[in-house]
>>> print(open('query02.cif').read())   # mmCIF, C-alpha atoms and all ligand atoms
data_run
#
loop_
_atom_site.label_atom_id
_atom_site.label_comp_id
_atom_site.auth_asym_id
_atom_site.auth_seq_id
_atom_site.Cartn_x
_atom_site.Cartn_y
_atom_site.Cartn_z
CA MET A 255 -36.85 -5.47 -3.14
CA GLY A 256 -35.61 -2.11 -4.45
CA SER A 257 -37.99 0.04 -6.46
CA GLU A 258 -35.41 1.66 -8.70
CA VAL A 259 -35.27 1.59 -12.46
CA VAL A 260 -31.64 0.84 -13.26
CA ARG A 261 -30.16 3.86 -15.06
CA ALA A 262 -26.97 4.23 -17.06
CA ASP A 263 -24.80 7.29 -16.54
CA GLY A 264 -23.85 9.25 -19.67
CA ASP A 265 -20.34 10.10 -18.44
CA TRP A 266 -19.75 6.43 -17.61
CA LEU A 267 -20.91 5.42 -21.11
CA ALA A 268 -18.50 7.99 -22.61
CA LEU A 269 -15.61 6.70 -20.50
CA ARG A 270 -16.20 3.10 -21.56
CA GLU A 271 -16.89 3.79 -25.26
CA PRO A 272 -13.29 3.27 -26.54
CA ALA A 273 -12.94 0.00 -24.58
CA ASP A 274 -16.33 -1.14 -25.85
CA ALA A 275 -15.26 -0.37 -29.42
CA ALA A 276 -12.04 -2.36 -28.99
CA ALA A 277 -13.85 -5.29 -27.39
CA ARG A 278 -16.82 -5.94 -29.73
CA ALA A 279 -16.28 -9.03 -31.86
CA ALA A 280 -15.37 -7.88 -35.36
CA GLY A 281 -15.82 -11.44 -36.65
CA LEU A 282 -19.57 -11.20 -36.21
CA VAL A 283 -19.64 -8.02 -38.32
CA ASP A 284 -17.92 -9.90 -41.16
CA ALA A 285 -20.68 -12.54 -40.93
CA LEU A 286 -23.34 -9.84 -40.68
CA ARG A 287 -22.22 -8.06 -43.86
CA ARG A 288 -22.80 -11.29 -45.80
CA VAL A 289 -26.47 -11.53 -44.81
CA LEU A 290 -27.59 -7.90 -44.98
CA PRO A 291 -29.53 -6.73 -48.06
CA ASP A 292 -27.69 -4.40 -50.42
CA GLY A 293 -28.86 -1.80 -52.90
CA ARG A 294 -31.11 0.10 -50.50
CA CYS A 295 -30.95 2.15 -47.33
CA LEU A 296 -30.49 -0.17 -44.33
CA VAL A 297 -32.84 0.41 -41.41
CA VAL A 298 -31.17 -0.49 -38.09
CA HIS A 299 -33.03 -0.42 -34.76
CA ASP A 300 -30.69 -0.12 -31.76
CA LEU A 301 -32.45 -1.17 -28.54
CA GLY A 302 -31.25 0.49 -25.33
CA SER A 303 -29.07 2.77 -27.44
CA GLY A 304 -27.91 5.06 -24.64
CA THR A 305 -25.90 7.83 -26.29
CA GLY A 306 -25.59 5.90 -29.59
CA SER A 307 -22.24 4.19 -29.12
CA MET A 308 -23.30 1.12 -31.10
CA ALA A 309 -24.21 3.24 -34.13
CA ARG A 310 -20.88 5.11 -33.91
CA TRP A 311 -19.08 1.75 -33.88
CA LEU A 312 -21.08 -0.27 -36.42
CA ALA A 313 -22.28 2.27 -39.02
CA PRO A 314 -18.76 2.90 -40.44
CA ARG A 315 -18.20 -0.87 -40.63
CA LEU A 316 -21.23 -1.43 -42.90
CA PRO A 317 -21.52 -0.31 -46.52
CA GLY A 318 -24.32 1.79 -47.98
CA PRO A 319 -26.78 4.37 -46.68
CA GLN A 320 -28.23 3.66 -43.25
CA ARG A 321 -31.05 4.95 -41.09
CA TRP A 322 -30.51 4.18 -37.41
CA VAL A 323 -33.48 4.25 -35.04
CA LEU A 324 -32.19 4.67 -31.48
CA HIS A 325 -34.58 3.44 -28.77
CA ASP A 326 -34.07 4.28 -25.11
CA ARG A 327 -36.20 5.14 -22.09
CA ASP A 328 -33.68 7.77 -20.94
CA ARG A 329 -34.28 11.18 -22.55
CA ASP A 330 -30.92 12.61 -21.36
CA LEU A 331 -28.98 9.82 -23.07
CA LEU A 332 -30.98 10.23 -26.28
CA ASP A 333 -30.26 13.98 -26.17
CA ARG A 334 -26.55 13.19 -25.95
CA ALA A 335 -26.90 10.86 -28.95
CA ALA A 336 -28.07 13.81 -31.05
CA THR A 337 -24.88 15.71 -30.26
CA ARG A 338 -22.60 12.89 -31.44
CA PRO A 339 -24.09 11.37 -34.60
CA PRO A 340 -22.43 8.32 -36.18
CA PRO A 341 -19.81 8.84 -38.91
CA MET A 342 -20.38 7.97 -42.57
CA ALA A 343 -20.81 4.38 -43.76
CA ALA A 344 -17.83 2.29 -44.89
CA ASP A 345 -18.27 3.52 -48.50
CA GLY A 346 -18.94 7.14 -47.56
CA SER A 347 -22.74 6.85 -47.75
CA ALA A 348 -24.87 8.95 -45.42
CA VAL A 349 -25.97 7.66 -42.02
CA THR A 350 -28.93 9.29 -40.30
CA ILE A 351 -30.39 8.79 -36.83
CA GLU A 352 -33.89 9.01 -35.42
CA ARG A 353 -34.45 8.86 -31.65
CA ARG A 354 -37.39 7.19 -29.95
CA LEU A 355 -38.11 7.53 -26.25
CA ASP A 356 -39.70 4.19 -25.40
CA ASP A 357 -39.58 1.03 -23.32
CA ILE A 358 -37.88 -1.57 -25.50
CA THR A 359 -39.49 -4.42 -23.56
CA ARG A 360 -42.97 -3.14 -24.47
CA LEU A 361 -42.59 -2.12 -28.10
CA PRO A 362 -45.77 -2.28 -30.21
CA PRO A 363 -45.54 -5.20 -32.69
CA GLU A 364 -45.22 -2.90 -35.71
CA SER A 365 -42.34 -0.82 -34.33
CA LEU A 366 -39.57 -3.07 -35.70
CA SER A 367 -41.42 -4.09 -38.88
CA ASP A 368 -39.12 -2.04 -41.16
CA ALA A 369 -35.88 -3.35 -39.57
CA ASP A 370 -33.09 -4.84 -41.70
CA LEU A 371 -31.07 -5.30 -38.51
CA VAL A 372 -31.76 -5.09 -34.77
CA THR A 373 -28.85 -4.33 -32.44
CA ALA A 374 -28.26 -3.97 -28.72
CA SER A 375 -25.13 -3.44 -26.64
CA ALA A 376 -24.39 -3.69 -22.92
CA LEU A 377 -28.08 -4.20 -22.27
CA LEU A 378 -29.08 -7.76 -21.44
CA ASP A 379 -28.00 -7.91 -17.78
CA MET A 380 -30.41 -5.04 -16.97
CA LEU A 381 -33.47 -7.08 -17.98
CA THR A 382 -35.76 -9.44 -16.08
CA ALA A 383 -36.73 -12.81 -17.57
CA PRO A 384 -40.20 -11.63 -18.77
CA GLU A 385 -38.63 -8.46 -20.26
CA LEU A 386 -36.05 -10.53 -22.12
CA GLU A 387 -38.75 -12.85 -23.45
CA ARG A 388 -40.75 -9.93 -24.82
CA LEU A 389 -37.61 -8.35 -26.29
CA VAL A 390 -36.55 -11.56 -28.02
CA ALA A 391 -40.10 -12.14 -29.31
CA GLY A 392 -40.01 -8.68 -30.89
CA CYS A 393 -36.65 -9.39 -32.52
CA VAL A 394 -37.88 -12.72 -33.87
CA ARG A 395 -41.02 -11.05 -35.23
CA ALA A 396 -38.84 -8.50 -37.04
CA GLY A 397 -37.48 -11.41 -39.14
CA CYS A 398 -34.02 -9.88 -39.62
CA PRO A 399 -30.51 -10.44 -38.19
CA VAL A 400 -29.97 -9.51 -34.55
CA LEU A 401 -26.55 -8.40 -33.23
CA VAL A 402 -26.19 -8.17 -29.45
CA THR A 403 -22.80 -7.11 -28.10
CA LEU A 404 -21.04 -6.77 -24.76
CA SER A 405 -23.30 -8.87 -22.58
CA VAL A 406 -21.64 -9.49 -19.22
CA VAL A 407 -21.13 -13.13 -18.38
CA GLY A 408 -20.12 -12.74 -14.73
CA ARG A 409 -16.40 -13.51 -15.04
CA VAL A 410 -13.62 -11.09 -14.18
CA GLU A 411 -9.86 -11.62 -13.87
CA LEU A 412 -7.48 -9.26 -12.10
CA SER A 413 -3.70 -9.40 -12.24
CA PRO A 414 -2.01 -9.49 -9.79
CA SER A 415 -4.66 -11.66 -8.15
CA ASP A 416 -5.91 -11.21 -4.59
CA GLU A 417 -7.69 -13.66 -2.32
CA LEU A 418 -10.71 -11.29 -2.12
CA ASP A 419 -11.25 -11.18 -5.90
CA ARG A 420 -13.57 -14.18 -5.85
CA ASP A 421 -15.72 -12.93 -2.95
CA VAL A 422 -16.15 -9.52 -4.58
CA MET A 423 -16.99 -11.11 -7.94
CA ASP A 424 -19.59 -13.40 -6.37
CA ALA A 425 -21.17 -10.54 -4.44
CA PHE A 426 -21.20 -8.36 -7.57
CA ASN A 427 -22.88 -11.13 -9.56
CA ALA A 428 -25.47 -11.55 -6.80
CA HIS A 429 -26.10 -7.79 -7.02
CA GLN A 430 -26.61 -8.12 -10.76
CA ARG A 431 -29.26 -10.77 -10.07
CA ARG A 432 -31.03 -8.63 -7.44
CA ALA A 433 -34.74 -7.98 -7.12
CA THR A 434 -35.87 -4.55 -8.34
CA GLY A 435 -39.21 -2.83 -8.79
CA SER A 436 -39.43 -4.44 -12.25
CA GLY A 437 -38.58 -7.95 -10.99
CA THR A 438 -35.41 -9.98 -10.58
CA LEU A 439 -32.68 -8.97 -13.01
CA LEU A 440 -31.04 -11.66 -15.14
CA GLY A 441 -27.53 -10.23 -14.77
CA PRO A 442 -24.92 -12.66 -16.08
CA ASP A 443 -27.58 -15.30 -16.82
CA ALA A 444 -29.00 -13.18 -19.63
CA PRO A 445 -26.66 -14.15 -22.51
CA ALA A 446 -27.33 -17.90 -22.22
CA ALA A 447 -31.08 -17.28 -21.91
CA THR A 448 -31.01 -15.08 -25.02
CA VAL A 449 -29.11 -17.66 -27.07
CA ALA A 450 -31.54 -20.39 -25.96
CA GLN A 451 -34.61 -18.33 -26.88
CA LEU A 452 -33.28 -17.23 -30.28
CA ASP A 453 -32.20 -20.78 -31.04
CA ALA A 454 -35.61 -22.16 -30.01
CA ALA A 455 -37.24 -19.62 -32.33
CA GLY A 456 -35.27 -21.11 -35.24
CA LEU A 457 -32.55 -18.49 -35.74
CA ALA A 458 -28.93 -19.54 -36.35
CA VAL A 459 -26.96 -18.12 -33.44
CA THR A 460 -23.21 -17.54 -33.34
CA THR A 461 -21.42 -16.25 -30.24
CA LEU A 462 -17.93 -14.83 -29.76
CA PRO A 463 -16.14 -13.51 -26.67
CA SER A 464 -15.72 -9.74 -26.40
CA PRO A 465 -13.68 -9.06 -23.26
CA TRP A 466 -12.52 -5.71 -22.06
CA ARG A 467 -8.76 -5.95 -21.53
CA LEU A 468 -7.81 -3.00 -19.37
CA GLY A 469 -4.14 -2.21 -18.79
CA PRO A 470 -2.16 0.92 -17.89
CA ASP A 471 -3.56 2.88 -20.86
CA GLU A 472 -7.09 2.33 -19.58
CA HIS A 473 -6.40 3.12 -15.91
CA ALA A 474 -9.20 5.70 -15.67
CA LEU A 475 -11.75 3.19 -16.92
CA ALA A 476 -10.28 0.45 -14.72
CA ALA A 477 -10.59 2.75 -11.69
CA GLY A 478 -14.17 3.69 -12.54
CA TRP A 479 -15.10 0.08 -13.14
CA LEU A 480 -13.43 -1.05 -9.88
CA THR A 481 -15.26 1.57 -7.84
CA GLY A 482 -18.61 0.44 -9.25
CA TRP A 483 -17.74 -3.24 -8.99
CA VAL A 484 -16.69 -3.14 -5.34
CA GLY A 485 -19.49 -0.70 -4.46
CA ALA A 486 -22.17 -3.00 -5.87
CA ALA A 487 -20.60 -5.99 -4.11
CA VAL A 488 -20.72 -4.20 -0.73
CA GLU A 489 -24.28 -2.98 -1.36
CA GLN A 490 -25.24 -6.61 -1.88
CA ARG A 491 -23.17 -8.02 1.01
CA PRO A 492 -22.62 -5.25 3.60
CA GLU A 493 -20.60 -7.67 5.76
CA LEU A 494 -17.82 -7.37 3.13
CA GLU A 495 -17.36 -3.65 3.91
CA PRO A 496 -14.46 -3.90 6.42
CA VAL A 497 -12.31 -5.90 4.02
CA ALA A 498 -13.63 -4.36 0.80
CA ALA A 499 -12.57 -0.80 1.70
CA PRO A 500 -8.81 -1.57 2.00
CA TYR A 501 -9.12 -3.94 -0.97
CA ALA A 502 -10.60 -1.13 -3.12
CA ARG A 503 -7.93 1.33 -1.96
CA GLN A 504 -5.15 -1.09 -2.90
CA ARG A 505 -6.72 -1.93 -6.27
CA LEU A 506 -7.22 1.76 -7.13
CA ALA A 507 -3.60 2.50 -6.21
CA GLN A 508 -2.50 -0.32 -8.52
CA ALA A 509 -4.68 1.05 -11.33
CA GLN A 510 -3.24 4.53 -10.79
CA ALA A 511 0.32 3.13 -10.83
CA GLY A 512 -0.38 1.19 -14.04
CA THR A 513 0.36 -2.16 -12.44
CA LEU A 514 -3.17 -3.58 -12.57
CA ARG A 515 -4.63 -5.56 -15.45
CA VAL A 516 -8.34 -6.29 -15.56
CA THR A 517 -10.21 -8.58 -17.92
CA VAL A 518 -13.99 -8.25 -17.85
CA HIS A 519 -15.52 -11.02 -19.90
CA HIS A 520 -18.47 -10.37 -22.23
CA GLU A 521 -20.16 -12.24 -25.03
CA ASP A 522 -21.44 -11.01 -28.41
CA LEU A 523 -24.05 -12.83 -30.45
CA LEU A 524 -25.31 -12.72 -34.01
CA ALA A 525 -28.64 -14.40 -34.75
CA VAL A 526 -29.75 -14.85 -38.36
CA PRO A 527 -33.13 -16.15 -39.59
CA ARG A 528 -32.57 -19.47 -41.39
C1 LIG A 601 -25.46 0.10 -20.12
S1 LIG A 601 -26.40 1.13 -21.14
C2 LIG A 601 -25.74 0.78 -22.74
C3 LIG A 601 -26.03 1.87 -23.72
C4 LIG A 601 -25.50 1.62 -25.15
N1 LIG A 601 -26.15 0.50 -25.78
C5 LIG A 601 -24.00 1.44 -25.14
O1 LIG A 601 -23.52 0.36 -25.52
O2 LIG A 601 -23.29 2.39 -24.77
C6 LIG A 601 -27.99 0.33 -21.23
C7 LIG A 601 -29.05 1.21 -21.87
O3 LIG A 601 -30.28 0.49 -21.96
C8 LIG A 601 -31.34 1.37 -21.64
N2 LIG A 601 -32.46 0.53 -21.20
C9 LIG A 601 -32.46 -0.43 -20.26
N3 LIG A 601 -33.68 -0.98 -20.14
C10 LIG A 601 -34.48 -0.32 -21.03
C11 LIG A 601 -35.86 -0.42 -21.36
N4 LIG A 601 -36.66 -1.30 -20.77
N5 LIG A 601 -36.34 0.40 -22.33
C12 LIG A 601 -35.53 1.30 -22.94
N6 LIG A 601 -34.22 1.44 -22.66
C13 LIG A 601 -33.71 0.64 -21.71
C14 LIG A 601 -30.77 2.26 -20.56
O4 LIG A 601 -31.49 3.47 -20.43
C15 LIG A 601 -29.35 2.47 -21.07
O5 LIG A 601 -29.26 3.58 -21.92
#
>>> encode(input="query02.cif", output="structure tokens", more="lines below")
Ligand SMILES: C[S@@+](CC[C@H](N)C(=O)[O-])C[C@H]1O[C@@H](n2cnc3c(N)ncnc32)[C@H](O)[C@@H]1O
Amino acid sequence: MGSEVVRADGDWLALREPADAAARAAGLVDALRRVLPDGRCLVVHDLGSGTGSMARWLAPRLPGPQRWVLHDRDRDLLDRAATRPPPMAADGSAVTIERRLDDITRLPPESLSDADLVTASALLDMLTAPELERLVAGCVRAGCPVLVTLSVVGRVELSPSDELDRDVMDAFNAHQRRATGSGTLLGPDAPAATVAQLDAAGLAVTTLPSPWRLGPDEHALAAGWLTGWVGAAVEQRPELEPVAAPYARQRLAQAQAGTLRVTVHHEDLLAVPR
């Protein structure tokens, strides 16, 4: 069992931000607008906010004044969030942010009590089952809509295909489900568990796919993703190393040449109290 707390890298989050923005399911935002209160300042709590990419994406898609509360355990990422605040709301209203350094799986019951909306993005796979249960319980207690985007589901497609794709994907998924100091991570099992728990708590849950589709224009992101994907697979299954090294070299050359297409599947969900 490793003892590490899984950390996100700020430069990696910046590199992926445009692809994340293109991938999130706009259809769920249309549904969200219909259930949010109007006529007052919206309070949005973003859990595992990182540098605030969710606020930069969603705030300008919602009307009216908004106060975003960004929660993360990583001070460096929260500091970056302060340097890139979200733009104005859809109707030009002001959007403000407040940053809170905390563990989102151990939030005091009152911390989300003022929420009109709870959001999270690219978060769920990093949680253990007990952490997810506490997180979902907090969201349910908040009694407001919950929008969770870009949860990895463990499926990846590369074109052109290669006979090693499947082995690397399986090893990567096993790495996502590894034991850490906090327990065994849910990895790609997290989205289904989240839907089941929100549904059992009586919320109406809608899901939509939100894949990254990386082509020649996204070759830098594809290369960064590939390096991390193969690296995690080899860390999990060191016996893959002799074949994974030439595989990675070939895939990176294809990304550089603009001949590689990568689809990384994700799922978004919107849960609304009935
Ligand atoms: C992959 S990053 C995504 C960041 C951001 N939501 C985005 O879409 O760019 C996951 C974030 O969740 C945060 N995180 C993970 N577990 C956490 C916990 N238990 N408490 C607070 N933050 C956590 C990490 O520090 C990291 O910033």
>>> residues_near_ligand(input="query02.cif", ligand="ligand LIG 601 (chain A)", cutoff="6 Å", atoms="only C-alpha atoms and all ligand atoms", output="mmCIF file with C-alpha atoms, keeping the file's coordinate frame")
data_model
loop_
_atom_site.group_PDB
_atom_site.id
_atom_site.type_symbol
_atom_site.label_atom_id
_atom_site.label_comp_id
_atom_site.auth_asym_id
_atom_site.auth_seq_id
_atom_site.Cartn_x
_atom_site.Cartn_y
_atom_site.Cartn_z
ATOM 1 C CA ARG A 261 -30.160 3.860 -15.060
ATOM 2 C CA ALA A 262 -26.970 4.230 -17.060
ATOM 3 C CA LEU A 267 -20.910 5.420 -21.110
ATOM 4 C CA GLY A 302 -31.250 0.490 -25.330
ATOM 5 C CA SER A 303 -29.070 2.770 -27.440
ATOM 6 C CA GLY A 304 -27.910 5.060 -24.640
ATOM 7 C CA SER A 307 -22.240 4.190 -29.120
ATOM 8 C CA MET A 308 -23.300 1.120 -31.100
ATOM 9 C CA ASP A 326 -34.070 4.280 -25.110
ATOM 10 C CA ARG A 327 -36.200 5.140 -22.090
ATOM 11 C CA ASP A 328 -33.680 7.770 -20.940
ATOM 12 C CA ASP A 356 -39.700 4.190 -25.400
ATOM 13 C CA ASP A 357 -39.580 1.030 -23.320
ATOM 14 C CA ILE A 358 -37.880 -1.570 -25.500
ATOM 15 C CA THR A 359 -39.490 -4.420 -23.560
ATOM 16 C CA ALA A 374 -28.260 -3.970 -28.720
ATOM 17 C CA SER A 375 -25.130 -3.440 -26.640
ATOM 18 C CA ALA A 376 -24.390 -3.690 -22.920
ATOM 19 C CA LEU A 377 -28.080 -4.200 -22.270
#
>>> closest_residue(input="query02.cif", among="A:Trp483, A:Trp466, A:Trp322, A:Phe426", to="A:Thr517", atoms="all atoms listed in the file")
A:Trp466
>>> closest_residue(input="query02.cif", among="A:Ser367, A:Gln508, A:Thr403, A:Thr337", to="A:Pro465", atoms="only C-alpha atoms")
A:Thr403
>>> atom_distance(input="query02.cif", atom1="atom CA of A:Leu296", atom2="atom CA of A:Glu352")
13.2 Å
>>> closest_residue(input="query02.cif", among="A:Arg505, A:Arg409, A:Arg360, A:Arg432", to="A:Glu387", atoms="only C-alpha atoms")
A:Arg360
>>> closest_residue(input="query02.cif", among="A:Leu312, A:Ala391, A:Leu331, A:Val449", to="A:Ala525", atoms="all atoms listed in the file")
A:Val449
>>> closest_atom_pairs(input="query02.cif", of="stretch 265-379 of chain A", to="stretch 455-464 of chain A", cutoff="10 Å", atoms="only C-alpha atoms", output="CSV")
residue,atom,partner,partner_atom,distance
A:Asp274,CA,A:Ser464,CA,8.6
A:Ala275,CA,A:Ser464,CA,9.9
A:Ala276,CA,A:Ser464,CA,8.6
A:Ala277,CA,A:Ser464,CA,4.9
A:Arg278,CA,A:Ser464,CA,5.2
A:Ala279,CA,A:Ser464,CA,5.5
A:Ala280,CA,A:Ser464,CA,9.2
A:Gly281,CA,A:Leu462,CA,8.0
A:Leu282,CA,A:Leu462,CA,7.6
A:Ala285,CA,A:Thr460,CA,9.4
>>> atom_distance(input="query02.cif", atom1="atom CA of A:Ala335", atom2="atom CA of A:Ala273")
18.2 Å
>>> closest_residue(input="query02.cif", among="A:Cys393, A:Ala433, A:Val298, A:Ala446", to="A:Ala313", atoms="all atoms listed in the file")
A:Val298
